[in-house]
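First up is the structure itself, then whatever we jot down about it.
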Amino acid sequence: MKLKSFATFHLVLLNGLCSLPASSQEYPCPPPGAEALVDGENLVENCKCFYALAAAQKQDQSDTPTQIKEHTVMHYAPAGKYYGPDGITEYLSALSGDHVTATTQIGPSIPGYVRSIGNGQCHTLTAESQNMHLNPYHTVNNTEACASMTVGVRVTFNITDDPFEPIDVQSYEIWTPNLFVTEMFSLFSRSEASAEYICDKILNVCGDYENGKSDSWDYSMKNGRSEGGVRGLKKSKSAKASKSAKMNEKMKNCVKQAIALPDVTIGADGVTGFIDGNSRACRILHGFMAKNNQHHCPHVSFDPEVDADGKIKCNESAGILHTDVFTQEDIAFFILMGQAAFGFDEVGGRMTYEPCSVV
Ligand SMILES: *[C@@H]1O[C@H](CO)[C@@H](O)[C@H](O)[C@H]1NC(C)=O
Ligand SMILES: *[C@@H]1O[C@H](CO)[C@@H](O)[C@H](O)[C@H]1NC(C)=O
Ligand SMILES: *[C@@H]1O[C@H](CO)[C@@H](O)[C@H](O)[C@H]1NC(C)=O
């Protein structure tokens with residue numbers, strides 16, 4: 001599968017490479033024009049990483065998919081880890097889902113470095129700018145909003161011997177400014193609509209409270225993407241009736257319980273926002289995923305419930321910080337590129353209270 005939403009290795013390196021003779025074994029090191037990307041102590045190893053990545057990118061351009069294997073992990077510190085093609089796709093689908101209806105990259109991806117980390121493994125760092133289009137149906141006061149921010153990506157990959165799959169991606173680590181959680185996610189998790197959304201998933205999708213039958217409200221917004229304005233508002237007729245007074249009562253109680261939760265989890269530093277704690281934000285994310293995969297139902301419930309993998313989610317945040325995942329140098333690169341290339345301030349992004357401009 002191909003990673004559509006985030007960094008697809010837009011390294012500015014291919015033109016030179018394509019003109020090399022196919023038989024050439026000795027690629028120049030450092031690569032002409034990309035010296036800054038592969039500088040550092042282990043120049044020879046870094047060059048191997050660079051050329052493996054370039055070969056993978058070349059295949060990508062000829063439409064050979066980048067392989068995401070069962071062992072590939074995507075890690076976004078405030079929300080947790082997602083595994084394999086299914087888990088990663090599902091997770092990224094939330095960025096073109098009910099609350100964020102579309103995520104569009106503005107401008108190019110900016111490469112930071114390609115480096116060996118030893119044992120045939122490599123890191124590559126890129127920064128890109130993304131606009132996240134928020135669905136005003138779900139936001140506080142139905143506010144129109146666009147969240148724009150630098151998204152940093154570090155890819156860890158192994159160099160392989162397979163010319164058709166020159167790299168084997170181990171992990172994608174994603175960085176965003178804190179505002180992704182504390183301003184963007186919080187803008188829709190603070191709303192009453194978010195409590196209703198969660199309770200729809202608990203009662204109608206997951207069938208908790210012995211509801212049994214699935215009688216989902218239609219938040220799917222199929223065909224609604226291009227219309228702009230308020231989308232996904234219509235509830236299906238059957239749901240509108242809410243079936244019975246008993247169901248109404250359950251819904252009311254559930255919404256009350258959901259509203260009592262914090263919108264997002266704030267860490268011990270009083271500043272850092274998390275999506276993986278006992279919050280509405282966490283239940284929105286997993287509620288969205290539960291629509292297509294009931295595996296997530298235990299995550300949405302109010303009481304901690306063990307899922308099929310023996311994991312409990314949306315209870316206690318793991319409290320992982322971006323600084324646990326990225327070096328200070330990596331983060332400095334994201335912030336610097338945000339300022340130099342994407343026009344953000346030192347925060348690395350901004351909220352704009354109007355629809356994203358469509359590029
Ligand atoms: C990637 O490389 C590391 C270090 O050499 C190794 O431990 C790991 O098993 C490799 N992964 C795969 C899928 O080959
Ligand atoms: C929502 O609207 C109400 C009434 O106009 C206002 O008091 C409140 O501050 C608004 N909330 C937000 C978060 O904008
Ligand atoms: C859920 O979180 C609370 C506190 O945040 C903790 O005391 C409790 O043990 C957790 N429950 C489970 C089942 O992990």
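As shown in the structure tokens, the chain order sets the letters A, B, ...; within each chain, residues go from 1, and ligands are also counted from 1 in the order they appear.
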- Query: When the cut-off is 8 Å and you count only C-alpha atoms and all ligand atoms, which residues lie near ligand 1, shown as a VMD selection string?
  - Reply: chain A and resid 71 118 to 121 157 to 160 168 to 170
Store the residues of this selection in a file with N, CA and C atoms, as an mmCIF file, in the first residue's frame.
data_model
loop_
_atom_site.group_PDB
_atom_site.id
_atom_site.type_symbol
_atom_site.label_atom_id
_atom_site.label_comp_id
_atom_site.auth_asym_id
_atom_site.auth_seq_id
_atom_site.Cartn_x
_atom_site.Cartn_y
_atom_site.Cartn_z
ATOM 1 N N HIS A 71 4.761 -5.714 10.082
ATOM 2 C CA HIS A 71 5.603 -5.255 11.185
ATOM 3 C C HIS A 71 5.826 -3.740 11.193
ATOM 4 N N GLY A 118 23.127 2.388 11.750
ATOM 5 C CA GLY A 118 23.873 1.146 12.009
ATOM 6 C C GLY A 118 23.067 -0.090 11.673
ATOM 7 N N ASN A 119 23.747 -1.215 11.500
ATOM 8 C CA ASN A 119 23.117 -2.509 11.225
ATOM 9 C C ASN A 119 22.205 -2.483 10.007
ATOM 10 N N GLY A 120 22.579 -1.709 9.003
ATOM 11 C CA GLY A 120 21.774 -1.685 7.780
ATOM 12 C C GLY A 120 20.454 -0.963 7.929
ATOM 13 N N GLN A 121 20.334 -0.207 9.015
ATOM 14 C CA GLN A 121 19.096 0.560 9.221
ATOM 15 C C GLN A 121 19.363 2.043 9.032
ATOM 16 N N PHE A 157 14.015 2.692 8.198
ATOM 17 C CA PHE A 157 13.900 1.597 7.230
ATOM 18 C C PHE A 157 15.169 0.763 7.201
ATOM 19 N N ASN A 158 15.040 -0.477 6.771
ATOM 20 C CA ASN A 158 16.181 -1.364 6.547
ATOM 21 C C ASN A 158 16.503 -1.366 5.060
ATOM 22 N N ILE A 159 17.777 -1.446 4.762
ATOM 23 C CA ILE A 159 18.188 -1.644 3.372
ATOM 24 C C ILE A 159 18.068 -3.146 3.088
ATOM 25 N N THR A 160 17.449 -3.486 1.982
ATOM 26 C CA THR A 160 17.302 -4.904 1.648
ATOM 27 C C THR A 160 18.193 -5.258 0.452
ATOM 28 N N ASP A 168 12.866 -1.615 3.471
ATOM 29 C CA ASP A 168 11.817 -2.263 4.254
ATOM 30 C C ASP A 168 11.506 -1.330 5.419
ATOM 31 N N VAL A 169 10.342 -0.688 5.358
ATOM 32 C CA VAL A 169 10.021 0.346 6.352
ATOM 33 C C VAL A 169 9.650 -0.295 7.685
ATOM 34 N N GLN A 170 10.365 0.104 8.722
ATOM 35 C CA GLN A 170 10.080 -0.399 10.070
ATOM 36 C C GLN A 170 9.073 0.491 10.781
#
- Please, which residues have at least one atom within 10 Å of an atom of ligand 2, using only C-alpha atoms and all ligand atoms, listed as JSON, numbers by chain? {"A": [139, 140, 141, 142, 143, 186, 187, 188, 190, 191]}
Can those selected residues be exported to a file as a compact mmCIF listing (two decimals), in the first residue's frame so that it contains C-alpha atoms?
# COMPACT_ATOMS: atom_id res chain seq x y z
CA THR A 139 -17.02 21.93 16.25
CA VAL A 140 -17.91 24.20 19.17
CA ASN A 141 -20.60 26.62 18.04
CA ASN A 142 -20.33 25.05 14.60
CA THR A 143 -17.27 27.18 14.00
CA SER A 186 -10.25 20.16 21.36
CA LEU A 187 -12.34 22.36 19.05
CA PHE A 188 -14.52 19.41 18.18
CA ARG A 190 -15.48 20.28 23.42
CA SER A 191 -18.74 20.35 21.49
- Message: Just want the residues within 9 Å of ligand 3, written as a ChimeraX atom specification, counting only C-alpha atoms and all ligand atoms.
- Response: /A:277-278,303-306,312-317
Those residues with all heavy atoms, as a PDB file, in the first residue's frame please?
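Listed below is the output, part.pdb:
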ATOM      1  N   GLY A 277      -5.872   9.407  26.419  1.00  0.00           N
ATOM      2  CA  GLY A 277      -6.327   9.271  27.806  1.00  0.00           C
ATOM      3  C   GLY A 277      -7.833   9.071  27.924  1.00  0.00           C
ATOM      4  O   GLY A 277      -8.520   8.815  26.943  1.00  0.00           O
ATOM      5  N   ASN A 278      -8.331   9.222  29.132  1.00  0.00           N
ATOM      6  CA  ASN A 278      -9.763   9.056  29.390  1.00  0.00           C
ATOM      7  C   ASN A 278     -10.491  10.344  29.021  1.00  0.00           C
ATOM      8  O   ASN A 278     -10.849  11.153  29.881  1.00  0.00           O
ATOM      9  CB  ASN A 278      -9.954   8.724  30.873  1.00  0.00           C
ATOM     10  CG  ASN A 278     -11.400   8.402  31.196  1.00  0.00           C
ATOM     11  OD1 ASN A 278     -12.224   8.193  30.301  1.00  0.00           O
ATOM     12  ND2 ASN A 278     -11.725   8.366  32.479  1.00  0.00           N
ATOM     13  N   ASP A 303     -16.154   2.565  30.845  1.00  0.00           N
ATOM     14  CA  ASP A 303     -15.329   1.769  31.747  1.00  0.00           C
ATOM     15  C   ASP A 303     -14.206   1.150  30.950  1.00  0.00           C
ATOM     16  O   ASP A 303     -14.401   0.743  29.805  1.00  0.00           O
ATOM     17  CB  ASP A 303     -16.170   0.648  32.384  1.00  0.00           C
ATOM     18  CG  ASP A 303     -17.240   1.220  33.301  1.00  0.00           C
ATOM     19  OD1 ASP A 303     -16.969   2.268  33.917  1.00  0.00           O
ATOM     20  OD2 ASP A 303     -18.348   0.642  33.369  1.00  0.00           O
ATOM     21  N   PRO A 304     -13.006   1.069  31.526  1.00  0.00           N
ATOM     22  CA  PRO A 304     -11.907   0.446  30.796  1.00  0.00           C
ATOM     23  C   PRO A 304     -12.237  -0.998  30.419  1.00  0.00           C
ATOM     24  O   PRO A 304     -12.620  -1.785  31.277  1.00  0.00           O
ATOM     25  CB  PRO A 304     -10.730   0.518  31.781  1.00  0.00           C
ATOM     26  CG  PRO A 304     -11.272   0.956  33.088  1.00  0.00           C
ATOM     27  CD  PRO A 304     -12.608   1.565  32.846  1.00  0.00           C
ATOM     28  N   GLU A 305     -12.160  -1.283  29.133  1.00  0.00           N
ATOM     29  CA  GLU A 305     -12.464  -2.636  28.658  1.00  0.00           C
ATOM     30  C   GLU A 305     -11.275  -3.151  27.862  1.00  0.00           C
ATOM     31  O   GLU A 305     -10.692  -2.418  27.064  1.00  0.00           O
ATOM     32  CB  GLU A 305     -13.685  -2.618  27.720  1.00  0.00           C
ATOM     33  CG  GLU A 305     -14.996  -2.866  28.429  1.00  0.00           C
ATOM     34  CD  GLU A 305     -16.161  -2.871  27.436  1.00  0.00           C
ATOM     35  OE1 GLU A 305     -16.038  -3.528  26.375  1.00  0.00           O
ATOM     36  OE2 GLU A 305     -17.166  -2.198  27.709  1.00  0.00           O
ATOM     37  N   VAL A 306     -10.962  -4.404  28.045  1.00  0.00           N
ATOM     38  CA  VAL A 306      -9.846  -5.019  27.346  1.00  0.00           C
ATOM     39  C   VAL A 306     -10.268  -5.363  25.921  1.00  0.00           C
ATOM     40  O   VAL A 306     -11.335  -5.918  25.701  1.00  0.00           O
ATOM     41  CB  VAL A 306      -9.402  -6.292  28.091  1.00  0.00           C
ATOM     42  CG1 VAL A 306      -8.268  -6.979  27.350  1.00  0.00           C
ATOM     43  CG2 VAL A 306      -8.966  -5.950  29.501  1.00  0.00           C
ATOM     44  N   ILE A 312      -5.938  -1.973  26.811  1.00  0.00           N
ATOM     45  CA  ILE A 312      -6.961  -1.027  27.270  1.00  0.00           C
ATOM     46  C   ILE A 312      -6.592   0.333  26.707  1.00  0.00           C
ATOM     47  O   ILE A 312      -5.452   0.770  26.821  1.00  0.00           O
ATOM     48  CB  ILE A 312      -7.001  -0.975  28.805  1.00  0.00           C
ATOM     49  CG1 ILE A 312      -7.546  -2.291  29.341  1.00  0.00           C
ATOM     50  CG2 ILE A 312      -7.855   0.195  29.287  1.00  0.00           C
ATOM     51  CD1 ILE A 312      -7.507  -2.400  30.846  1.00  0.00           C
ATOM     52  N   LYS A 313      -7.559   0.980  26.057  1.00  0.00           N
ATOM     53  CA  LYS A 313      -7.268   2.315  25.529  1.00  0.00           C
ATOM     54  C   LYS A 313      -8.270   3.302  26.105  1.00  0.00           C
ATOM     55  O   LYS A 313      -9.276   2.930  26.669  1.00  0.00           O
ATOM     56  CB  LYS A 313      -7.327   2.292  24.003  1.00  0.00           C
ATOM     57  CG  LYS A 313      -6.261   1.365  23.429  1.00  0.00           C
ATOM     58  CD  LYS A 313      -5.954   1.628  21.980  1.00  0.00           C
ATOM     59  CE  LYS A 313      -4.841   0.685  21.541  1.00  0.00           C
ATOM     60  NZ  LYS A 313      -4.608   0.717  20.107  1.00  0.00           N
ATOM     61  N   CYS A 314      -7.982   4.575  25.929  1.00  0.00           N
ATOM     62  CA  CYS A 314      -8.851   5.642  26.416  1.00  0.00           C
ATOM     63  C   CYS A 314      -9.075   5.545  27.915  1.00  0.00           C
ATOM     64  O   CYS A 314     -10.170   5.828  28.412  1.00  0.00           O
ATOM     65  CB  CYS A 314     -10.190   5.672  25.669  1.00  0.00           C
ATOM     66  SG  CYS A 314     -10.015   5.926  23.898  1.00  0.00           S
ATOM     67  N   ASN A 315      -8.080   5.129  28.651  1.00  0.00           N
ATOM     68  CA  ASN A 315      -8.168   5.187  30.108  1.00  0.00           C
ATOM     69  C   ASN A 315      -7.025   6.043  30.643  1.00  0.00           C
ATOM     70  O   ASN A 315      -7.223   7.201  30.951  1.00  0.00           O
ATOM     71  CB  ASN A 315      -8.154   3.780  30.715  1.00  0.00           C
ATOM     72  CG  ASN A 315      -8.337   3.816  32.220  1.00  0.00           C
ATOM     73  OD1 ASN A 315      -9.217   4.512  32.698  1.00  0.00           O
ATOM     74  ND2 ASN A 315      -7.502   3.089  32.952  1.00  0.00           N
ATOM     75  N   GLU A 316      -5.840   5.463  30.662  1.00  0.00           N
ATOM     76  CA  GLU A 316      -4.707   6.241  31.139  1.00  0.00           C
ATOM     77  C   GLU A 316      -3.811   6.557  29.950  1.00  0.00           C
ATOM     78  O   GLU A 316      -3.407   5.647  29.229  1.00  0.00           O
ATOM     79  CB  GLU A 316      -3.927   5.412  32.156  1.00  0.00           C
ATOM     80  CG  GLU A 316      -3.603   6.164  33.416  1.00  0.00           C
ATOM     81  CD  GLU A 316      -3.192   5.217  34.534  1.00  0.00           C
ATOM     82  OE1 GLU A 316      -3.679   4.075  34.576  1.00  0.00           O
ATOM     83  OE2 GLU A 316      -2.374   5.635  35.352  1.00  0.00           O
ATOM     84  N   SER A 317      -3.463   7.843  29.766  1.00  0.00           N
ATOM     85  CA  SER A 317      -2.556   8.187  28.672  1.00  0.00           C
ATOM     86  C   SER A 317      -1.181   7.591  28.932  1.00  0.00           C
ATOM     87  O   SER A 317      -0.708   7.562  30.064  1.00  0.00           O
ATOM     88  CB  SER A 317      -2.434   9.709  28.556  1.00  0.00           C
ATOM     89  OG  SER A 317      -1.394  10.038  27.669  1.00  0.00           O
TER      90      SER A 317
END
Fewer than 6 positions away in the same chain doesn't count, so skip those; otherwise give me all residues within 12 Å of Leu285 in chain A, counting only C-alpha atoms, as a short mmCIF file (atom, residue, chain, number, x, y, z; two decimals) with all heavy atoms, in the first residue's frame.
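So result01.cif came out as:
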data_model
loop_
_atom_site.label_atom_id
_atom_site.label_comp_id
_atom_site.auth_asym_id
_atom_site.auth_seq_id
_atom_site.Cartn_x
_atom_site.Cartn_y
_atom_site.Cartn_z
N ALA A 79 -1.09 10.01 20.50
CA ALA A 79 -2.22 9.09 20.31
C ALA A 79 -1.83 7.62 20.43
O ALA A 79 -2.69 6.78 20.70
CB ALA A 79 -2.87 9.33 18.95
N GLY A 80 -0.59 7.27 20.21
CA GLY A 80 -0.19 5.88 20.34
C GLY A 80 0.36 5.28 19.06
O GLY A 80 0.68 6.00 18.11
N GLU A 90 -6.33 2.58 8.78
CA GLU A 90 -7.49 2.95 9.59
C GLU A 90 -7.23 4.25 10.35
O GLU A 90 -8.07 5.15 10.38
CB GLU A 90 -7.69 1.80 10.59
CG GLU A 90 -8.97 1.77 11.32
CD GLU A 90 -9.03 0.48 12.11
OE1 GLU A 90 -8.29 0.35 13.10
OE2 GLU A 90 -9.81 -0.39 11.74
N TYR A 91 -6.04 4.33 10.90
CA TYR A 91 -5.65 5.50 11.67
C TYR A 91 -5.62 6.74 10.77
O TYR A 91 -6.18 7.78 11.09
CB TYR A 91 -4.29 5.21 12.29
CG TYR A 91 -3.64 6.34 13.00
CD1 TYR A 91 -4.29 7.04 14.02
CD2 TYR A 91 -2.33 6.71 12.68
CE1 TYR A 91 -3.66 8.06 14.69
CE2 TYR A 91 -1.70 7.72 13.36
CZ TYR A 91 -2.36 8.40 14.35
OH TYR A 91 -1.72 9.41 15.00
N LEU A 92 -4.98 6.61 9.61
CA LEU A 92 -4.89 7.76 8.71
C LEU A 92 -6.24 8.14 8.13
O LEU A 92 -6.46 9.30 7.77
CB LEU A 92 -3.89 7.48 7.58
CG LEU A 92 -2.42 7.42 8.01
CD1 LEU A 92 -1.55 7.07 6.83
CD2 LEU A 92 -1.98 8.74 8.63
N SER A 93 -7.16 7.17 8.07
CA SER A 93 -8.47 7.48 7.50
C SER A 93 -9.20 8.51 8.36
O SER A 93 -10.08 9.22 7.87
CB SER A 93 -9.31 6.21 7.34
OG SER A 93 -9.69 5.72 8.61
N ALA A 94 -8.83 8.59 9.64
CA ALA A 94 -9.46 9.59 10.50
C ALA A 94 -9.11 11.01 10.06
O ALA A 94 -9.79 11.96 10.42
CB ALA A 94 -9.05 9.38 11.95
N LEU A 95 -8.08 11.15 9.24
CA LEU A 95 -7.70 12.47 8.74
C LEU A 95 -8.47 12.86 7.49
O LEU A 95 -8.29 13.94 6.94
CB LEU A 95 -6.19 12.53 8.48
CG LEU A 95 -5.34 12.46 9.75
CD1 LEU A 95 -3.88 12.25 9.41
CD2 LEU A 95 -5.51 13.72 10.59
N SER A 96 -9.31 11.95 7.03
CA SER A 96 -10.26 12.32 5.98
C SER A 96 -11.60 11.67 6.35
O SER A 96 -12.20 10.97 5.56
CB SER A 96 -9.78 11.86 4.60
OG SER A 96 -9.50 10.48 4.62
N GLY A 97 -11.98 11.93 7.58
CA GLY A 97 -13.14 11.24 8.14
C GLY A 97 -14.29 12.16 8.48
O GLY A 97 -14.65 13.03 7.68
N ASP A 98 -14.85 11.98 9.67
CA ASP A 98 -16.05 12.73 10.06
C ASP A 98 -15.72 14.11 10.61
O ASP A 98 -16.46 15.06 10.37
CB ASP A 98 -16.81 11.95 11.14
CG ASP A 98 -17.37 10.64 10.58
OD1 ASP A 98 -17.43 10.50 9.34
OD2 ASP A 98 -17.73 9.77 11.38
N HIS A 99 -14.65 14.20 11.38
CA HIS A 99 -14.33 15.46 12.06
C HIS A 99 -13.35 16.29 11.24
O HIS A 99 -13.58 17.46 10.99
CB HIS A 99 -13.77 15.17 13.45
CG HIS A 99 -14.79 14.54 14.34
ND1 HIS A 99 -15.10 13.20 14.26
CD2 HIS A 99 -15.58 15.06 15.30
CE1 HIS A 99 -16.05 12.93 15.14
NE2 HIS A 99 -16.36 14.03 15.78
N VAL A 100 -12.25 15.66 10.87
CA VAL A 100 -11.38 16.26 9.86
C VAL A 100 -11.82 15.62 8.56
O VAL A 100 -11.69 14.41 8.38
CB VAL A 100 -9.90 15.94 10.14
CG1 VAL A 100 -9.00 16.46 9.02
CG2 VAL A 100 -9.47 16.53 11.48
N VAL A 181 -3.62 18.74 19.06
CA VAL A 181 -4.48 18.20 20.12
C VAL A 181 -5.20 19.33 20.84
O VAL A 181 -6.43 19.32 20.94
CB VAL A 181 -3.66 17.38 21.14
CG1 VAL A 181 -4.57 16.83 22.23
CG2 VAL A 181 -2.90 16.27 20.44
N PHE A 185 -8.09 19.26 17.93
CA PHE A 185 -8.93 18.17 18.45
C PHE A 185 -9.89 18.70 19.50
O PHE A 185 -11.04 18.27 19.57
CB PHE A 185 -8.04 17.06 19.04
CG PHE A 185 -8.32 15.71 18.45
CD1 PHE A 185 -7.60 15.27 17.35
CD2 PHE A 185 -9.32 14.91 18.97
CE1 PHE A 185 -7.88 14.04 16.79
CE2 PHE A 185 -9.60 13.67 18.41
CZ PHE A 185 -8.88 13.23 17.31
N PHE A 188 -13.33 20.24 18.35
CA PHE A 188 -14.52 19.41 18.18
C PHE A 188 -14.82 18.51 19.36
O PHE A 188 -15.96 18.13 19.56
CB PHE A 188 -14.56 18.67 16.84
CG PHE A 188 -13.32 17.96 16.42
CD1 PHE A 188 -12.93 16.79 17.03
CD2 PHE A 188 -12.56 18.44 15.37
CE1 PHE A 188 -11.80 16.12 16.63
CE2 PHE A 188 -11.42 17.78 14.96
CZ PHE A 188 -11.03 16.62 15.57
N SER A 189 -13.81 18.21 20.19
CA SER A 189 -14.18 17.36 21.32
C SER A 189 -14.85 18.15 22.44
O SER A 189 -15.50 17.57 23.30
CB SER A 189 -13.00 16.52 21.83
OG SER A 189 -11.91 17.32 22.15
N SER A 194 -19.92 16.20 19.88
CA SER A 194 -18.94 15.12 20.06
C SER A 194 -19.45 14.09 21.06
O SER A 194 -19.22 12.89 20.90
CB SER A 194 -17.59 15.68 20.51
OG SER A 194 -17.63 16.07 21.87
N TYR A 197 -21.86 12.05 19.20
CA TYR A 197 -21.13 11.18 18.27
C TYR A 197 -20.63 9.93 18.99
O TYR A 197 -20.80 8.80 18.53
CB TYR A 197 -19.95 11.96 17.69
CG TYR A 197 -19.13 11.23 16.65
CD1 TYR A 197 -19.50 11.24 15.32
CD2 TYR A 197 -17.98 10.52 17.01
CE1 TYR A 197 -18.76 10.58 14.35
CE2 TYR A 197 -17.23 9.85 16.07
CZ TYR A 197 -17.62 9.89 14.73
OH TYR A 197 -16.88 9.22 13.79
N ILE A 198 -20.02 10.16 20.16
CA ILE A 198 -19.49 9.04 20.94
C ILE A 198 -20.63 8.10 21.34
O ILE A 198 -20.52 6.88 21.22
CB ILE A 198 -18.75 9.58 22.20
CG1 ILE A 198 -17.45 10.29 21.78
CG2 ILE A 198 -18.46 8.45 23.18
CD1 ILE A 198 -16.88 11.19 22.86
N LYS A 201 -21.89 5.87 18.70
CA LYS A 201 -21.03 4.71 18.48
C LYS A 201 -21.22 3.67 19.58
O LYS A 201 -21.30 2.48 19.32
CB LYS A 201 -19.55 5.14 18.42
CG LYS A 201 -19.25 6.16 17.32
CD LYS A 201 -19.63 5.67 15.94
CE LYS A 201 -19.64 6.79 14.91
NZ LYS A 201 -20.85 7.65 14.95
N VAL A 264 -9.74 16.71 26.07
CA VAL A 264 -8.49 16.01 25.78
C VAL A 264 -7.78 15.80 27.12
O VAL A 264 -8.21 16.36 28.13
CB VAL A 264 -7.57 16.81 24.82
CG1 VAL A 264 -8.24 17.07 23.49
CG2 VAL A 264 -7.12 18.12 25.46
N PHE A 274 -2.91 15.16 25.00
CA PHE A 274 -2.88 13.75 24.58
C PHE A 274 -4.26 13.32 24.12
O PHE A 274 -5.28 13.78 24.66
CB PHE A 274 -2.43 12.85 25.74
CG PHE A 274 -1.02 13.10 26.17
CD1 PHE A 274 -0.77 13.96 27.24
CD2 PHE A 274 0.04 12.51 25.51
CE1 PHE A 274 0.53 14.22 27.64
CE2 PHE A 274 1.35 12.76 25.91
CZ PHE A 274 1.59 13.61 26.98
N ILE A 275 -4.28 12.40 23.17
CA ILE A 275 -5.54 11.86 22.66
C ILE A 275 -5.80 10.47 23.25
O ILE A 275 -6.86 9.91 23.08
CB ILE A 275 -5.51 11.82 21.12
CG1 ILE A 275 -5.29 13.25 20.57
CG2 ILE A 275 -6.79 11.26 20.52
CD1 ILE A 275 -5.10 13.31 19.08
N ASP A 276 -4.81 9.91 23.93
CA ASP A 276 -4.95 8.51 24.34
C ASP A 276 -5.42 8.33 25.79
O ASP A 276 -5.37 7.23 26.32
CB ASP A 276 -3.62 7.75 24.12
CG ASP A 276 -2.46 8.33 24.94
OD1 ASP A 276 -2.61 9.45 25.47
OD2 ASP A 276 -1.41 7.67 25.02
N GLY A 277 -5.87 9.41 26.42
CA GLY A 277 -6.33 9.27 27.81
C GLY A 277 -7.83 9.07 27.92
O GLY A 277 -8.52 8.82 26.94
N SER A 279 -10.71 10.52 27.73
CA SER A 279 -11.24 11.79 27.23
C SER A 279 -12.25 11.55 26.12
O SER A 279 -12.37 10.45 25.60
CB SER A 279 -10.08 12.63 26.65
OG SER A 279 -9.55 11.97 25.51
N LYS A 291 -16.65 2.45 13.57
CA LYS A 291 -17.67 2.38 12.51
C LYS A 291 -17.35 1.28 11.51
O LYS A 291 -18.23 0.61 11.00
CB LYS A 291 -17.72 3.71 11.72
CG LYS A 291 -18.47 4.79 12.40
CD LYS A 291 -18.97 5.84 11.42
CE LYS A 291 -17.90 6.30 10.43
NZ LYS A 291 -18.35 7.48 9.66
N HIS A 296 -12.61 -1.80 17.79
CA HIS A 296 -12.36 -0.59 18.58
C HIS A 296 -13.44 -0.33 19.62
O HIS A 296 -13.31 0.61 20.42
CB HIS A 296 -12.24 0.63 17.66
CG HIS A 296 -11.01 0.60 16.82
ND1 HIS A 296 -9.78 1.02 17.26
CD2 HIS A 296 -10.80 0.15 15.55
CE1 HIS A 296 -8.88 0.85 16.31
NE2 HIS A 296 -9.47 0.32 15.26
N CYS A 297 -14.51 -1.12 19.60
CA CYS A 297 -15.61 -0.85 20.53
C CYS A 297 -15.18 -0.80 22.00
O CYS A 297 -15.60 0.09 22.73
CB CYS A 297 -16.74 -1.85 20.32
SG CYS A 297 -17.72 -1.43 18.85
N HIS A 299 -12.64 0.35 23.20
CA HIS A 299 -11.92 1.59 23.48
C HIS A 299 -12.87 2.75 23.73
O HIS A 299 -12.50 3.75 24.32
CB HIS A 299 -11.00 1.95 22.30
CG HIS A 299 -10.09 0.83 21.88
ND1 HIS A 299 -9.61 0.70 20.60
CD2 HIS A 299 -9.60 -0.22 22.58
CE1 HIS A 299 -8.86 -0.38 20.52
NE2 HIS A 299 -8.84 -0.97 21.70
N VAL A 300 -14.08 2.62 23.20
CA VAL A 300 -15.02 3.74 23.27
C VAL A 300 -15.79 3.74 24.58
O VAL A 300 -16.27 4.78 25.04
CB VAL A 300 -16.01 3.68 22.07
CG1 VAL A 300 -16.80 4.97 21.96
CG2 VAL A 300 -15.26 3.43 20.77
N LYS A 313 -7.56 0.98 26.06
CA LYS A 313 -7.27 2.31 25.53
C LYS A 313 -8.27 3.30 26.10
O LYS A 313 -9.28 2.93 26.67
CB LYS A 313 -7.33 2.29 24.00
CG LYS A 313 -6.26 1.37 23.43
CD LYS A 313 -5.95 1.63 21.98
CE LYS A 313 -4.84 0.69 21.54
NZ LYS A 313 -4.61 0.72 20.11
N CYS A 314 -7.98 4.57 25.93
CA CYS A 314 -8.85 5.64 26.42
C CYS A 314 -9.08 5.54 27.92
O CYS A 314 -10.17 5.83 28.41
CB CYS A 314 -10.19 5.67 25.67
SG CYS A 314 -10.01 5.93 23.90
#
- Message: When you look at Tyr83 in chain A with a cut-off of 9 Å (counting only C-alpha atoms), what residues show up, excluding the ones that are within fewer than 4 positions of it in the same chain? I need them as a list of chain:residue names.
- Response: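 So the residues in contact are A:Lys69, A:Glu70, A:His71, A:Thr72, A:Val73, A:Met74, A:His75, A:Gly87, A:Ile88.
With only C-alpha atoms taken into account, the protein and nucleic acid residues at most 9 Å from range 145-147 of chain A (excluding it and anything under 6 positions from it in its own chain) are Gln130, Asn131, Met132, His133, Leu134, Asn135, Pro136, Thr139, Leu179, Phe180, Glu183, Met184, Leu187, Gly349, Arg350, Met351, Thr352, Tyr353, Glu354, Pro355, Cys356 and Ser357 of chain A.
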- Task: Rank A:Ala245, A:Ala54, A:Leu203, A:Ile68 by their smallest atom-to-atom distance to Asp86 in chain A, using only C-alpha atoms, and report the top residue only.
- Result: A:Ile68
- If we count only C-alpha atoms, what is near Lys252 in chain A at a cut-off of 12 Å, once residues fewer than 4 positions away on the same chain are taken out, given as a ChimeraX atom specification? /A:192,195-196,199-200,203,242,245-248,256-259
Go ahead and save the picked residues with C-alpha atoms, as a compact mmCIF listing (two decimals), in the first residue's frame.
# COMPACT_ATOMS: atom_id res chain seq x y z
CA GLU A 192 -21.95 18.65 22.52
CA ALA A 195 -20.73 13.61 23.05
CA GLU A 196 -23.59 12.60 20.76
CA CYS A 199 -22.84 7.85 22.27
CA ASP A 200 -24.04 7.00 18.79
CA LEU A 203 -25.23 2.61 21.57
CA SER A 242 -34.54 6.88 18.26
CA ALA A 245 -38.30 6.19 24.90
CA LYS A 246 -35.99 3.70 26.52
CA MET A 247 -33.39 4.31 23.86
CA ASN A 248 -33.83 8.05 24.30
CA LYS A 256 -24.38 13.22 30.17
CA GLN A 257 -21.57 10.81 30.96
CA ALA A 258 -19.63 11.78 27.84
CA ILE A 259 -19.95 15.48 28.57
- List every residue of range 42-274 of chain A that DSSP, applied to the backbone of this structure, assigns to helix (DSSP H, G or I), and report them as an MDAnalysis selection string. chainID A and resid 43:61 84:96 140:142 179:189 192:205 225:227 237:240 245:259
